[in-house]
>>> print(open('run_15.txt').read())   # compact mmCIF, C-alpha atoms and all ligand atoms
# COMPACT_ATOMS: atom_id res chain seq x y z
CA MET P 1 -8.25 -25.88 0.44
CA ILE P 2 -7.40 -22.95 2.74
CA SER P 3 -7.58 -23.84 6.42
CA LYS P 4 -5.88 -20.85 7.98
CA HIS P 5 -6.69 -19.55 11.43
CA ILE P 6 -8.26 -16.11 11.65
CA LEU P 7 -8.57 -14.39 15.00
CA LEU P 8 -11.36 -11.87 14.56
CA ALA P 9 -11.31 -9.02 17.08
CA VAL P 10 -14.58 -7.10 17.24
CA SER P 11 -14.60 -3.65 18.81
CA GLY P 12 -17.50 -1.43 19.77
CA GLY P 13 -19.04 0.30 16.78
CA ILE P 14 -22.40 0.02 15.08
CA ALA P 15 -20.64 -1.94 12.30
CA ALA P 16 -20.11 -4.77 14.85
CA TYR P 17 -23.31 -6.36 13.54
CA LYS P 18 -21.58 -6.78 10.15
CA ALA P 19 -18.87 -8.87 11.82
CA ALA P 20 -21.43 -11.68 12.14
CA GLU P 21 -21.78 -11.81 8.36
CA LEU P 22 -17.99 -11.65 8.11
CA VAL P 23 -17.59 -14.79 10.26
CA ARG P 24 -20.09 -16.61 8.02
CA LEU P 25 -18.23 -15.57 4.84
CA LEU P 26 -14.80 -16.46 6.26
CA ARG P 27 -16.00 -19.89 7.32
CA LYS P 28 -17.47 -20.42 3.84
CA GLN P 29 -13.93 -19.89 2.54
CA ALA P 30 -12.82 -22.67 4.93
CA PHE P 31 -11.07 -20.33 7.38
CA ASP P 32 -11.11 -21.44 11.00
CA VAL P 33 -12.36 -18.37 12.90
CA ARG P 34 -12.14 -17.56 16.60
CA VAL P 35 -13.68 -14.36 17.92
CA VAL P 36 -12.63 -12.00 20.69
CA MET P 37 -14.59 -8.89 21.64
CA THR P 38 -14.07 -5.66 23.52
CA LYS P 39 -16.45 -4.75 26.31
CA SER P 40 -18.20 -2.10 24.23
CA ALA P 41 -18.63 -4.50 21.28
CA GLN P 42 -20.82 -6.60 23.54
CA ALA P 43 -23.23 -3.66 23.81
CA PHE P 44 -23.86 -4.02 20.08
CA ILE P 45 -23.85 -7.77 19.59
CA SER P 46 -23.81 -10.78 21.88
CA PRO P 47 -20.85 -13.17 22.22
CA LEU P 48 -23.37 -15.97 21.81
CA THR P 49 -23.99 -14.95 18.19
CA PHE P 50 -20.28 -15.30 17.42
CA GLN P 51 -20.01 -18.52 19.34
CA ALA P 52 -22.80 -20.03 17.24
CA LEU P 53 -21.34 -18.74 13.97
CA SER P 54 -17.69 -19.58 14.64
CA GLY P 55 -18.24 -22.85 16.50
CA HIS P 56 -15.74 -21.75 19.19
CA PRO P 57 -16.02 -20.07 22.59
CA VAL P 58 -15.70 -16.28 22.38
CA GLY P 59 -13.01 -14.40 24.33
CA THR P 60 -14.21 -11.29 26.14
CA GLN P 61 -11.83 -10.82 29.06
CA LEU P 62 -8.11 -10.70 29.57
CA LEU P 63 -7.70 -12.23 32.98
CA ASP P 64 -10.58 -14.59 33.35
CA GLU P 65 -9.75 -17.97 34.83
CA ASN P 66 -12.39 -19.84 32.82
CA GLN P 67 -11.52 -18.20 29.54
CA GLU P 68 -7.78 -18.65 29.97
CA HIS P 69 -8.54 -22.29 30.60
CA VAL P 70 -10.15 -22.63 27.13
CA MET P 71 -7.27 -20.85 25.36
CA GLY P 72 -5.01 -18.30 27.05
CA HIS P 73 -4.37 -14.97 25.34
CA ILE P 74 -0.79 -15.80 24.36
CA ASN P 75 -1.87 -19.15 22.92
CA LEU P 76 -4.65 -17.41 21.02
CA ALA P 77 -2.11 -14.99 19.51
CA ARG P 78 0.10 -17.97 18.59
CA TRP P 79 -2.84 -19.90 17.14
CA ALA P 80 -3.66 -17.10 14.67
CA ASP P 81 -2.26 -17.05 11.13
CA SER P 82 -3.76 -13.60 10.97
CA VAL P 83 -5.52 -11.19 13.32
CA LEU P 84 -8.40 -9.25 11.81
CA VAL P 85 -9.81 -6.29 13.74
CA ALA P 86 -13.26 -5.53 12.31
CA PRO P 87 -14.72 -3.14 13.08
CA ALA P 88 -11.76 -1.20 14.48
CA THR P 89 -12.82 1.95 16.33
CA ALA P 90 -10.72 5.12 16.54
CA ASN P 91 -10.00 4.20 20.16
CA CYS P 92 -8.69 0.75 19.19
CA ILE P 93 -6.48 2.21 16.48
CA ALA P 94 -5.09 4.76 18.95
CA LYS P 95 -4.35 1.99 21.45
CA PHE P 96 -2.60 -0.22 18.86
CA SER P 97 -0.56 2.73 17.68
CA HIS P 98 0.68 3.40 21.20
CA GLY P 99 1.21 -0.20 22.24
CA LEU P 100 -1.45 -0.18 24.96
CA SER P 101 -2.67 -3.52 26.22
CA ASP P 102 -5.40 -2.96 28.79
CA ASP P 103 -7.95 -5.47 27.47
CA LEU P 104 -8.02 -8.77 25.59
CA VAL P 105 -8.18 -7.25 22.07
CA SER P 106 -5.32 -4.76 22.50
CA THR P 107 -3.19 -7.36 24.31
CA LEU P 108 -3.69 -9.88 21.50
CA VAL P 109 -2.78 -7.32 18.86
CA LEU P 110 0.37 -6.41 20.78
CA ALA P 111 1.29 -10.07 21.26
CA ALA P 112 0.59 -11.07 17.64
CA THR P 113 3.56 -11.88 15.42
CA CYS P 114 1.35 -12.75 12.41
CA PRO P 115 -0.06 -10.18 9.93
CA VAL P 116 -2.69 -7.88 11.48
CA PHE P 117 -5.52 -6.59 9.28
CA VAL P 118 -7.52 -3.59 10.46
CA ALA P 119 -10.92 -2.56 9.08
CA PRO P 120 -11.64 0.87 10.57
CA ALA P 121 -15.19 2.03 11.25
CA MET P 122 -15.96 5.43 12.66
CA ASN P 123 -17.57 8.80 12.03
CA GLN P 124 -15.93 10.63 9.11
CA ALA P 125 -14.75 13.54 11.26
CA MET P 126 -13.03 11.12 13.63
CA TRP P 127 -11.36 9.35 10.70
CA ASN P 128 -10.17 12.65 9.23
CA LYS P 129 -8.74 14.00 12.51
CA ALA P 130 -4.99 14.52 12.26
CA VAL P 131 -4.38 12.37 15.33
CA THR P 132 -6.24 9.39 13.81
CA GLN P 133 -4.37 9.80 10.53
CA GLU P 134 -1.06 9.93 12.41
CA ASN P 135 -1.97 6.70 14.22
CA VAL P 136 -2.88 5.06 10.90
CA THR P 137 0.38 6.20 9.27
CA ARG P 138 2.36 4.85 12.20
CA LEU P 139 0.60 1.49 12.10
CA ASN P 140 1.02 1.34 8.31
CA ARG P 141 4.73 1.83 8.76
CA ASP P 142 4.75 -0.94 11.38
CA GLY P 143 3.27 -3.35 8.83
CA PHE P 144 -0.40 -3.28 9.87
CA ARG P 145 -2.65 -3.79 6.83
CA PHE P 146 -5.65 -1.51 6.54
CA ILE P 147 -8.76 -2.59 4.67
CA GLY P 148 -10.84 0.51 3.94
CA PRO P 149 -12.54 2.45 5.36
CA ALA P 150 -15.09 2.87 2.60
CA THR P 151 -16.88 6.09 1.82
CA GLY P 152 -20.63 6.69 1.85
CA GLU P 153 -23.52 7.38 4.16
CA GLN P 154 -22.79 6.69 7.82
CA ALA P 155 -24.97 5.49 10.68
CA CYS P 156 -24.77 9.01 12.16
CA GLY P 157 -26.24 10.47 8.93
CA GLU P 158 -22.99 12.08 7.78
CA ILE P 159 -21.27 11.27 4.49
CA GLY P 160 -17.57 10.56 3.99
CA TYR P 161 -14.79 8.07 4.69
CA GLY P 162 -15.24 5.99 7.80
CA ARG P 163 -17.70 3.19 6.93
CA MET P 164 -16.31 -0.26 7.54
CA ALA P 165 -15.37 -2.03 4.29
CA GLU P 166 -18.10 -4.49 3.33
CA PRO P 167 -17.64 -8.06 4.63
CA PRO P 168 -17.16 -9.57 1.10
CA VAL P 169 -14.28 -7.11 0.47
CA ILE P 170 -12.65 -7.98 3.80
CA CYS P 171 -13.09 -11.70 3.14
CA GLU P 172 -11.66 -11.38 -0.39
CA THR P 173 -8.63 -9.50 0.99
CA LEU P 174 -7.82 -12.34 3.38
CA SER P 175 -8.47 -15.08 0.80
CA GLN P 176 -6.20 -13.33 -1.68
CA PHE P 177 -3.54 -12.82 0.98
CA PHE P 178 -3.39 -16.52 1.84
CA SER P 179 -3.70 -17.90 -1.68
CA ARG P 180 -0.70 -16.13 -3.13
CA GLU P 181 1.98 -18.51 -2.00
CA GLU P 182 2.63 -19.97 -5.46
CA GLY P 183 3.51 -16.92 -7.62
CA GLU P 184 6.78 -15.98 -9.32
CA LEU P 185 7.50 -13.40 -6.62
CA SER P 186 6.24 -15.46 -3.71
CA GLY P 187 7.38 -13.93 -0.42
CA LYS P 188 9.50 -11.27 -2.15
CA LYS P 189 9.28 -7.70 -0.89
CA VAL P 190 8.49 -5.31 -3.71
CA LEU P 191 8.57 -1.54 -3.31
CA ILE P 192 6.86 0.55 -6.00
CA SER P 193 6.59 4.30 -6.39
CA ALA P 194 3.63 5.64 -8.35
CA GLY P 195 1.83 8.75 -9.51
CA PRO P 196 2.97 12.34 -9.81
CA THR P 197 4.52 14.51 -7.15
CA ARG P 198 3.35 17.98 -6.16
CA GLU P 199 5.99 20.64 -5.64
CA PRO P 200 4.66 23.52 -3.55
CA ILE P 201 5.10 27.04 -4.86
CA ASP P 202 3.32 28.58 -1.88
CA PRO P 203 0.69 27.27 0.57
CA VAL P 204 -2.02 27.07 -2.11
CA ARG P 205 -0.18 26.38 -5.39
CA PHE P 206 1.96 23.61 -6.72
CA ILE P 207 3.70 22.25 -9.82
CA THR P 208 2.72 18.75 -10.92
CA ASN P 209 2.43 16.56 -14.04
CA ARG P 210 -0.11 14.42 -15.89
CA SER P 211 0.77 11.06 -14.33
CA SER P 212 -2.39 9.22 -13.19
CA GLY P 213 -0.55 6.55 -11.19
CA LYS P 214 -2.34 3.82 -13.18
CA MET P 215 0.88 2.04 -14.25
CA GLY P 216 2.35 1.98 -10.74
CA PHE P 217 -0.94 0.77 -9.22
CA ALA P 218 -1.27 -1.90 -11.94
CA LEU P 219 2.28 -3.05 -11.15
CA ALA P 220 1.38 -3.27 -7.46
CA GLU P 221 -1.67 -5.43 -8.30
CA ALA P 222 0.40 -7.65 -10.60
CA ALA P 223 3.16 -8.06 -7.99
CA ILE P 224 0.58 -8.98 -5.32
CA GLU P 225 -0.94 -11.49 -7.75
CA ALA P 226 2.57 -12.94 -8.21
CA GLY P 227 2.83 -13.48 -4.44
CA ALA P 228 4.87 -10.42 -3.45
CA ILE P 229 4.54 -8.38 -0.27
CA VAL P 230 4.04 -4.95 -1.75
CA THR P 231 4.63 -1.45 -0.43
CA LEU P 232 3.33 1.32 -2.66
CA VAL P 233 4.62 4.85 -2.16
CA SER P 234 2.14 7.02 -3.99
CA GLY P 235 1.88 10.66 -4.92
CA PRO P 236 -1.62 12.22 -5.09
CA VAL P 237 -3.83 10.07 -7.33
CA ALA P 238 -7.54 9.33 -7.69
CA LEU P 239 -7.19 5.54 -7.52
CA ALA P 240 -8.36 3.03 -4.94
CA PRO P 241 -5.38 1.27 -3.34
CA PRO P 242 -5.01 -2.43 -4.25
CA LEU P 243 -6.06 -5.03 -1.69
CA ASN P 244 -3.24 -6.46 0.41
CA CYS P 245 -0.94 -3.58 -0.17
CA ARG P 246 0.82 -1.35 2.30
CA ILE P 247 0.40 2.18 1.02
CA ILE P 248 2.40 5.25 2.00
CA ASN P 249 0.90 8.48 0.69
CA VAL P 250 3.23 11.36 -0.07
CA GLU P 251 3.03 14.66 -1.93
CA SER P 252 6.39 16.12 -2.85
CA ALA P 253 9.51 14.61 -4.44
CA ALA P 254 11.35 15.16 -1.15
CA GLN P 255 8.70 13.22 0.81
CA MET P 256 8.77 10.44 -1.78
CA HIS P 257 12.55 10.29 -1.50
CA GLU P 258 12.36 9.96 2.28
CA ALA P 259 9.68 7.23 2.18
CA VAL P 260 11.39 5.17 -0.53
CA ILE P 261 14.84 5.39 1.02
CA ALA P 262 13.40 4.26 4.38
CA VAL P 263 11.73 1.12 2.94
CA ALA P 264 14.15 0.19 0.11
CA PRO P 265 16.87 -1.50 2.21
CA GLY P 266 14.51 -4.33 3.22
CA SER P 267 13.12 -4.77 -0.30
CA ASP P 268 14.03 -7.34 -2.97
CA VAL P 269 12.79 -5.16 -5.83
CA TYR P 270 12.33 -1.43 -6.30
CA ILE P 271 10.27 -0.20 -9.26
CA GLY P 272 10.37 3.55 -9.79
CA ALA P 273 7.13 4.06 -11.70
CA ALA P 274 6.43 7.50 -10.24
CA ALA P 275 6.72 10.58 -12.38
CA VAL P 276 8.88 12.41 -9.87
CA ALA P 277 9.30 16.12 -10.48
CA ASP P 278 12.84 16.76 -11.72
CA TYR P 279 12.75 20.31 -10.38
CA SER P 280 11.06 21.91 -7.41
CA PRO P 281 10.71 25.48 -6.15
CA ASN P 282 11.93 24.01 -2.86
CA ALA P 283 9.58 26.57 -1.40
CA ASN P 284 9.70 27.61 2.15
CA GLN P 285 7.14 30.24 1.32
CA PRO P 286 4.76 30.57 4.29
CA GLU P 287 2.40 33.06 2.61
CA LYS P 288 0.45 33.10 -0.62
CA ILE P 289 2.28 34.97 -3.39
CA LYS P 290 0.35 38.14 -4.35
CA LYS P 291 0.02 39.26 -7.97
CA ASN P 292 1.84 42.54 -7.49
CA GLU P 293 4.32 42.16 -10.34
CA THR P 294 3.74 41.80 -14.10
CA THR P 295 6.16 38.90 -14.27
CA LEU P 296 6.91 36.25 -11.72
CA ILE P 297 10.13 34.28 -11.91
CA LEU P 298 10.24 30.98 -10.12
CA GLU P 299 13.60 29.55 -9.25
CA LEU P 300 13.59 25.76 -9.53
CA PHE P 301 16.09 23.38 -7.98
CA LYS P 302 16.90 19.86 -9.09
CA THR P 303 15.27 17.21 -6.89
CA ARG P 304 17.23 14.25 -5.58
CA ASP P 305 17.06 11.27 -7.90
CA ILE P 306 15.32 8.57 -5.87
CA LEU P 307 15.99 5.82 -8.40
CA ALA P 308 19.70 6.58 -8.72
CA ASP P 309 20.00 6.79 -4.92
CA VAL P 310 18.43 3.32 -4.46
CA ALA P 311 20.60 1.86 -7.24
CA ALA P 312 23.68 3.29 -5.50
CA PHE P 313 23.09 1.32 -2.26
CA GLN P 314 26.27 -0.51 -1.30
CA GLU P 315 24.39 -2.98 0.87
CA GLN P 316 20.88 -4.47 0.64
CA ARG P 317 20.48 -3.09 -2.87
CA PRO P 318 17.15 -4.18 -4.35
CA PHE P 319 16.80 -5.26 -7.99
CA THR P 320 16.22 -1.75 -9.32
CA VAL P 321 13.87 -0.97 -12.20
CA GLY P 322 13.34 2.50 -13.66
CA PHE P 323 10.94 4.03 -16.13
CA ALA P 324 11.73 6.41 -18.94
CA ALA P 325 9.17 8.50 -20.77
CA GLU P 326 10.51 9.85 -24.03
CA THR P 327 9.20 11.90 -26.93
CA HIS P 328 12.21 11.10 -29.19
CA ASP P 329 15.33 8.89 -29.37
CA LEU P 330 13.73 6.43 -26.96
CA GLU P 331 16.33 3.67 -27.22
CA ARG P 332 19.32 5.97 -26.84
CA TYR P 333 17.92 7.86 -23.84
CA ALA P 334 16.63 4.72 -22.13
CA LYS P 335 19.94 2.86 -22.47
CA ASP P 336 21.72 5.98 -21.32
CA LYS P 337 19.61 6.12 -18.11
CA LEU P 338 20.09 2.37 -17.55
CA ALA P 339 23.86 2.84 -17.55
CA LYS P 340 24.10 6.25 -15.84
CA LYS P 341 21.81 5.36 -12.96
CA ASN P 342 23.27 1.82 -12.68
CA LEU P 343 19.85 0.16 -13.01
CA ASP P 344 19.08 -3.52 -13.48
CA MET P 345 16.28 -2.76 -15.91
CA ILE P 346 14.49 0.15 -17.54
CA ALA P 347 11.01 0.23 -19.05
CA ALA P 348 10.71 2.95 -21.65
CA ASN P 349 7.60 4.29 -23.31
CA TRP P 350 6.70 6.95 -25.82
CA VAL P 351 4.84 9.97 -24.50
CA GLY P 352 3.37 13.01 -26.14
CA LYS P 353 0.67 13.53 -28.71
CA ASP P 354 -1.20 10.35 -29.82
CA GLN P 355 1.07 8.11 -27.78
CA GLY P 356 0.26 5.86 -24.82
CA GLY P 357 1.84 6.63 -21.47
CA PHE P 358 0.58 9.31 -19.13
CA ASP P 359 -3.04 9.31 -18.08
CA ARG P 360 -4.07 6.53 -20.49
CA ASP P 361 -5.45 3.05 -19.86
CA GLN P 362 -3.15 1.44 -22.42
CA ASN P 363 0.56 1.49 -22.94
CA ALA P 364 3.42 -0.32 -24.68
CA LEU P 365 6.91 -0.69 -23.27
CA GLN P 366 10.39 -1.22 -24.60
CA VAL P 367 12.33 -2.90 -21.81
CA TYR P 368 16.14 -2.91 -21.61
CA TRP P 369 18.55 -4.61 -19.24
CA LYS P 370 22.26 -5.26 -19.39
CA GLY P 371 22.63 -7.61 -22.33
CA GLY P 372 19.03 -7.78 -23.52
CA GLU P 373 15.78 -6.13 -24.46
CA LYS P 374 12.12 -7.00 -24.99
CA HIS P 375 9.18 -5.24 -26.58
CA LEU P 376 5.87 -5.45 -24.72
CA GLU P 377 3.02 -4.72 -27.16
CA MET P 378 0.39 -2.01 -26.65
CA THR P 379 -2.24 -3.42 -24.27
CA ASP P 380 -4.13 -2.34 -21.17
CA LYS P 381 -1.94 -1.39 -18.25
CA SER P 382 -2.94 -4.30 -16.01
CA GLN P 383 -1.98 -6.83 -18.69
CA LEU P 384 1.23 -4.95 -19.39
CA ALA P 385 2.05 -4.81 -15.69
CA ARG P 386 1.72 -8.63 -15.42
CA GLN P 387 4.15 -9.05 -18.33
CA LEU P 388 6.65 -6.64 -16.82
CA ILE P 389 6.44 -8.29 -13.37
CA LYS P 390 7.08 -11.67 -15.01
CA LEU P 391 10.12 -10.27 -16.81
CA ILE P 392 11.43 -8.67 -13.60
CA ALA P 393 11.06 -11.99 -11.71
CA GLU P 394 12.87 -13.82 -14.51
CA LYS P 395 15.80 -11.39 -14.74
CA MET P 396 16.11 -11.09 -10.97
CA ASN P 397 16.35 -14.89 -10.65
CA GLU P 398 18.95 -15.00 -13.43
CA LYS P 399 20.96 -12.29 -11.64
CA ASN P 400 20.75 -14.09 -8.30
CA THR P 401 21.86 -17.42 -9.76
CA THR P 402 24.89 -16.08 -11.68
N1 LIG W 501 13.14 9.49 -10.90
C1 LIG W 501 13.44 9.48 -9.57
N2 LIG W 501 13.72 10.64 -8.91
C2 LIG W 501 13.71 11.81 -9.55
C3 LIG W 501 13.43 11.85 -10.92
C4 LIG W 501 13.14 10.67 -11.56
O1 LIG W 501 13.44 8.41 -8.97
N3 LIG W 501 13.98 12.91 -8.87
C5 LIG W 501 12.88 8.21 -11.58
C6 LIG W 501 11.47 7.99 -12.08
O2 LIG W 501 10.66 7.35 -11.10
C7 LIG W 501 11.69 7.10 -13.29
C8 LIG W 501 13.01 7.58 -13.83
O3 LIG W 501 13.69 8.18 -12.73
O4 LIG W 501 11.82 5.75 -12.93
C9 LIG W 501 12.88 8.59 -14.90
O5 LIG W 501 14.15 9.06 -15.19
P1 LIG W 501 14.44 10.59 -15.48
O6 LIG W 501 15.89 10.70 -15.71
O7 LIG W 501 13.84 11.47 -14.49
O8 LIG W 501 13.62 10.74 -16.77
P2 LIG W 501 13.01 12.05 -17.24
O9 LIG W 501 12.24 12.73 -16.17
O10 LIG W 501 12.26 11.70 -18.48
O11 LIG W 501 14.34 12.87 -17.47
P3 LIG W 501 14.80 13.64 -18.73
O12 LIG W 501 13.87 14.78 -18.80
O13 LIG W 501 16.20 13.99 -18.44
O14 LIG W 501 14.64 12.66 -19.87
>>> encode(input="run_15.txt", output="structure tokens")
Amino acid sequence: MISKHILLAVSGGIAAYKAAELVRLLRKQAFDVRVVMTKSAQAFISPLTFQALSGHPVGTQLLDENQEHVMGHINLARWADSVLVAPATANCIAKFSHGLSDDLVSTLVLAATCPVFVAPAMNQAMWNKAVTQENVTRLNRDGFRFIGPATGEQACGEIGYGRMAEPPVICETLSQFFSREEGELSGKKVLISAGPTREPIDPVRFITNRSSGKMGFALAEAAIEAGAIVTLVSGPVALAPPLNCRIINVESAAQMHEAVIAVAPGSDVYIGAAAVADYSPNANQPEKIKKNETTLILELFKTRDILADVAAFQEQRPFTVGFAAETHDLERYAKDKLAKKNLDMIAANWVGKDQGGFDRDQNALQVYWKGGEKHLEMTDKSQLARQLIKLIAEKMNEKNTT
């Protein structure tokens, strides 16, 4: 079945012992695994363990005559269909983010042209440090794929994010990544926005809406299932990101605009599933507003329409799909938005009392495109998302062949 090459890079954290189980699971899935280790990883687990489990010699040094003889570092990078760094320490992540290459692992990551998966493992305070988060954001933008970290009790006794994702989750992520070559959106780049935005009123308050992000996340899952390479730009939600998905977290409509406009030109499809605030205080209010007055008037300014801006691209315009949430005159408003914003498709749903839509697990959609429409019955959002993705793939192919 799958016989892809995985180059597993093990760095020095207590979770290194879990990498042994990972090699066993990957090989069970018929992956061919070669292991390289940092110096500090060898303090936690011996190269011999990995040699026995992988059936290959283990790389530990960059410029070692004997090791280069077995397979040189550039050949190793070429051999790999994917590099997996697990566990990845904060130090490793910092090195990757800055392009350092002072040992075998960092050199291989820099030399790799295949997808690089990173499973971080570190103390929760180290993970939460701004500098680590900046490194992660930068690597995310460069196309690195993060798996985890998970939350829970840590080896140091603290609780929080920073535990390495469990080996079965990492293995499943890779299996799914390599088995998606057959879907309707195989190899297509799909950009999806999801969730609400938060518009700051002052440093401690914001305006938001009831969007849970469930529809956008379900669409991301369905697009991944259909073989797409997915980037999800998400407002603040309480959902676990899908496997095999590049995620860019944002808060405000302005940040979402910036992130979407940066990624959209390389995308085949853009689906605007986010409930973007239409108005924002546009606040540059450095201090908390005090309750000195009996009334407070907030001045709100219209936000930039992300969807309309993507649809207006003159070059590299993705197939652009919008959402419309309506309490009345659904067909009229939806068709109006389709035309006004120059969209390829719009998915409209009823919102309000006793309707599906926001913050529910189920929804129904009325989908319109130029010259056609389709009703997608009330069902759970993951099922609905699969149907909508199928329809998008169909209409996009029709558009590209006419
Ligand atoms: N949208 C956007 N940028 C905004 C506002 C909305 O990209 N600043 C997108 C949403 O992601 C969604 C669609 O536009 O795909 C919704 O259209 P919109 O005209 O905002 O609908 P409503 O908010 O329902 O507007 P109205 O109140 O005028 O019906």
>>> closest_atom_pairs(input="run_15.txt", of="chain P", to="ligand LIG 501 (chain W)", cutoff="8 Å", atoms="all atoms listed in the file", output="CSV")
residue,atom,partner,partner_atom,distance
P:Ser193,CA,W:LIG501,O2,6.9
P:Ala194,CA,W:LIG501,O2,7.7
P:Ala253,CA,W:LIG501,N3,6.5
P:His257,CA,W:LIG501,N2,7.5
P:Ile271,CA,W:LIG501,O4,7.2
P:Gly272,CA,W:LIG501,O2,4.0
P:Ala273,CA,W:LIG501,O2,4.9
P:Ala274,CA,W:LIG501,O2,4.3
P:Ala275,CA,W:LIG501,O2,5.3
P:Val276,CA,W:LIG501,C3,4.7
P:Ala277,CA,W:LIG501,N3,5.9
P:Asp278,CA,W:LIG501,N3,4.9
P:Tyr279,CA,W:LIG501,N3,7.7
P:Lys302,CA,W:LIG501,N3,7.5
P:Thr303,CA,W:LIG501,N3,4.9
P:Arg304,CA,W:LIG501,N3,4.8
P:Asp305,CA,W:LIG501,N2,3.5
P:Ile306,CA,W:LIG501,O1,3.6
P:Leu307,CA,W:LIG501,O1,3.7
P:Ala308,CA,W:LIG501,O1,6.5
P:Asp309,CA,W:LIG501,O1,7.9
P:Val321,CA,W:LIG501,O4,7.1
P:Gly322,CA,W:LIG501,O4,3.7
P:Phe323,CA,W:LIG501,O4,3.7
P:Ala324,CA,W:LIG501,C9,4.7
P:Ala325,CA,W:LIG501,O10,5.0
P:Glu326,CA,W:LIG501,O10,6.1
P:Tyr333,CA,W:LIG501,O14,7.0
P:Lys337,CA,W:LIG501,O6,6.4
P:Ile346,CA,W:LIG501,O4,7.7
>>> closest_atom_pairs(input="run_15.txt", of="range 143-243 of chain P", to="range 310-320 of chain P", cutoff="12 Å", atoms="all atoms listed in the file", output="CSV")
residue,atom,partner,partner_atom,distance
P:Lys188,CA,P:Pro318,CA,10.7
P:Lys189,CA,P:Pro318,CA,9.3
P:Val190,CA,P:Pro318,CA,8.8
P:Leu191,CA,P:Pro318,CA,9.0
P:Ile192,CA,P:Thr320,CA,10.2
P:Ser193,CA,P:Thr320,CA,11.7
>>> write_last_selection(input="run_15.txt", atoms="C-alpha atoms", output="tab-separated table (two decimals), in the coordinates of the input")
chain	number	residue	atom	x	y	z
P	188	LYS	CA	9.50	-11.27	-2.15
P	189	LYS	CA	9.28	-7.70	-0.89
P	190	VAL	CA	8.49	-5.31	-3.71
P	191	LEU	CA	8.57	-1.54	-3.31
P	192	ILE	CA	6.86	0.55	-6.00
P	193	SER	CA	6.59	4.30	-6.39
>>> closest_residue(input="run_15.txt", among="P:Asn140, P:Asn284, P:Gln154, P:Gln29", to="Ile14 in chain P", atoms="only C-alpha atoms")
P:Gln154
>>> atom_distance(input="run_15.txt", atom1="CA of Met126 in chain P", atom2="CA of Pro242 in chain P")
23.8 Å
>>> atom_distance(input="run_15.txt", atom1="CA of Ala119 in chain P", atom2="CA of Gly148 in chain P")
6.0 Å
>>> closest_residue(input="run_15.txt", among="P:Gly55, P:Pro87, P:Gly12, P:Gly216", to="Thr38 in chain P", atoms="all atoms listed in the file")
P:Gly12
>>> closest_residue(input="run_15.txt", among="P:Thr231, P:Ser179, P:Asn91, P:Ser11", to="Ile247 in chain P", atoms="only C-alpha atoms")
P:Thr231
>>> atom_distance(input="run_15.txt", atom1="CA of Ser175 in chain P", atom2="CA of Phe31 in chain P")
8.8 Å
>>> residues_around(input="run_15.txt", residues="Phe117 in chain P", least_positions_apart="6", cutoff="6 Å", atoms="all atoms listed in the file", output="list in words")
Leu84, Arg145 and Phe146 of chain P
>>> residues_around(input="run_15.txt", residues="Gly157 in chain P", least_positions_apart="6", cutoff="12 Å", atoms="all atoms listed in the file", output="VMD selection string")
chain P and resid 123 to 124 163
>>> residues_around(input="run_15.txt", residues="Thr173 in chain P", least_positions_apart="3", cutoff="8 Å", atoms="all atoms listed in the file", output="PyMOL selection string")
chain P and resi 147+169-170+176-177+243-244
>>> closest_residue(input="run_15.txt", among="P:Ala80, P:Ser234, P:Arg141, P:Ala220", to="Ala262 in chain P", atoms="all atoms listed in the file")
P:Arg141
>>> residues_around(input="run_15.txt", residues="Phe144 in chain P", least_positions_apart="5", cutoff="10 Å", atoms="all atoms listed in the file", output="mmCIF file with C-alpha atoms, keeping the file's coordinate frame")
data_model
loop_
_atom_site.group_PDB
_atom_site.id
_atom_site.type_symbol
_atom_site.label_atom_id
_atom_site.label_comp_id
_atom_site.auth_asym_id
_atom_site.auth_seq_id
_atom_site.Cartn_x
_atom_site.Cartn_y
_atom_site.Cartn_z
ATOM 1 C CA PHE P 96 -2.600 -0.220 18.860
ATOM 2 C CA SER P 97 -0.560 2.730 17.680
ATOM 3 C CA CYS P 114 1.350 -12.750 12.410
ATOM 4 C CA PRO P 115 -0.060 -10.180 9.930
ATOM 5 C CA VAL P 116 -2.690 -7.880 11.480
ATOM 6 C CA PHE P 117 -5.520 -6.590 9.280
ATOM 7 C CA VAL P 118 -7.520 -3.590 10.460
ATOM 8 C CA VAL P 136 -2.880 5.060 10.900
ATOM 9 C CA THR P 137 0.380 6.200 9.270
ATOM 10 C CA ARG P 138 2.360 4.850 12.200
ATOM 11 C CA LEU P 139 0.600 1.490 12.100
ATOM 12 C CA ARG P 246 0.820 -1.350 2.300
#
